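Structure, as structure tokens:
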Amino acid sequence: MRTEAVNRIKLIFALLDADGNGYLEPDDFELMASRVNEAAPGTGTASQRAMLAAFRRYWSTLAGELDADHDGRISFDEYAACVLAPERFNGAIGDFADALASLGDPDGDGLIERPLFVALMTAIGFQLANIHTLFDAFEPDASDRITVAVWAHGIKEYYSPDKAGIPGDHLVDGLTA
Ligand SMILES: [Ca+2]
Ligand SMILES: [Ca+2]
């Protein structure tokens, strides 16, 4: 796995570990889902339910596929294995990416405005400056919007073990030695 991919995975693991106890457990995903849903207050209950379902499915996939020692929680080493076995993981990542991306598009026009993007990514825990750099890397249009498809693709790419120099790398800026 490339260093860039390791750094991306370290960051997302630290953020997903919402209660900061060093392990991913069901409560972390409930906490993260409620933070993200609160950040998108104008969004309909249907897409909020989809988001919660995506977080729960994400957890059950992690638990089912990656909990190698069967202790009911995911350590960092267990999590990092996910990007090395994408065939076991792509379904959950894809669902998660689509649900998060559609939460950014409450009016369903396929476009995501910067303020909502920033609100959602801040709720997940990314650094503000990095969120803006990422949004810029997605090449927003003249009205400062990106497409849902571009963001969903960016989320999936984030988990690719062999990719570097991708927009998602900006989320790690300033956070690694
Ligand atoms: Ca935790
Ligand atoms: Ca475990």
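Within each chain, counting starts at residue 1; across the structure tokens, chains are named A, B, ... in the order shown, with ligands numbered 1 upward in that order.
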
Nearby residues, ligand 1, 9 Å, only C-alpha atoms and all ligand atoms, as a list in words: Ala14, Leu16, Asp17, Ala18, Asp19, Gly20, Asn21, Gly22, Tyr23, Leu24, Glu25, Pro26, Asp27, Asp28, Phe29, Arg73 and Ile74 of chain A

Close residues, range 75-86 of chain A itself excluded, 6 Å, only C-alpha atoms, min 3 positions apart in chain, as an MDAnalysis selection string: chainID A and resid 23 66 89:90 159 161

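Within the 9 Å cut-off around Asp169 in chain A, using only C-alpha atoms and omitting residues fewer than 3 positions from it on the same chain, the listed residues are Glu4, Ala5, Asn7, Arg8, Leu134, Tyr158, Ala164, Gly165, Ile166, Val172 and Asp173 of chain A.
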
Interatomic distance between CA of Glu87 in chain A and CA of Arg35 in chain A? 29.2 Å

Please extract the residues of range 57-139 of chain A with a backbone DSSP assignment of alpha helix (DSSP H) and present them as number ranges by chain. A: 57-66, 76-84, 86-103, 114-124, 128-137

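DSSP, applied to the backbone of this structure, assigns strand (DSSP E or B) to the following residues of range 7-168 of chain A: A:Leu24, A:Ile74, A:Leu111, A:Ile112, A:Glu113, A:Arg145, A:Ile146, A:Thr147.
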
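Distance check against ligand 2 using only C-alpha atoms and all ligand atoms: of A:Phe135, A:Ile12, A:His153, A:Ala68, the minimum falls on A:Ala68.
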
Can you tell me, as a VMD selection string, what residues are no more than 8 Å from Thr147 in chain A when counting only C-alpha atoms, ignoring any on the same chain fewer than 6 positions away? chain A and resid 110 to 112

Give the answer as one residue: which of A:Gly174, A:Asp98, A:Val36, A:Asp71 has the shortest atom-to-atom distance to ligand 2, using only C-alpha atoms and all ligand atoms?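 Result for the nearest residue to ligand 2: A:Asp71.
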
Skip Ala46 in chain A itself and residues of its chain fewer than 3 positions away, then list as JSON, numbers by chain all residues within 12 Å of it, counting only C-alpha atoms. {"A": [37, 42, 43, 49, 50, 51, 52, 53, 99, 102, 103, 106]}

Between A:Ala33, A:Val148, A:Leu128, A:Leu116, which has the minimum distance to Ala54 in chain A (counting only C-alpha atoms)?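 Nearest to Ala54 in chain A: A:Ala33.
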
Separation of CA of Glu113 in chain A from CA of Arg145 in chain A, in Å and rounded to one decimal: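 A separation of 4.6 Å between them.
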
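Distance annotation: of A:Val6, A:Leu15, A:Leu62, A:Ala152, the residue with the minimal separation from Met32 in chain A is A:Leu15; atom set is only C-alpha atoms.
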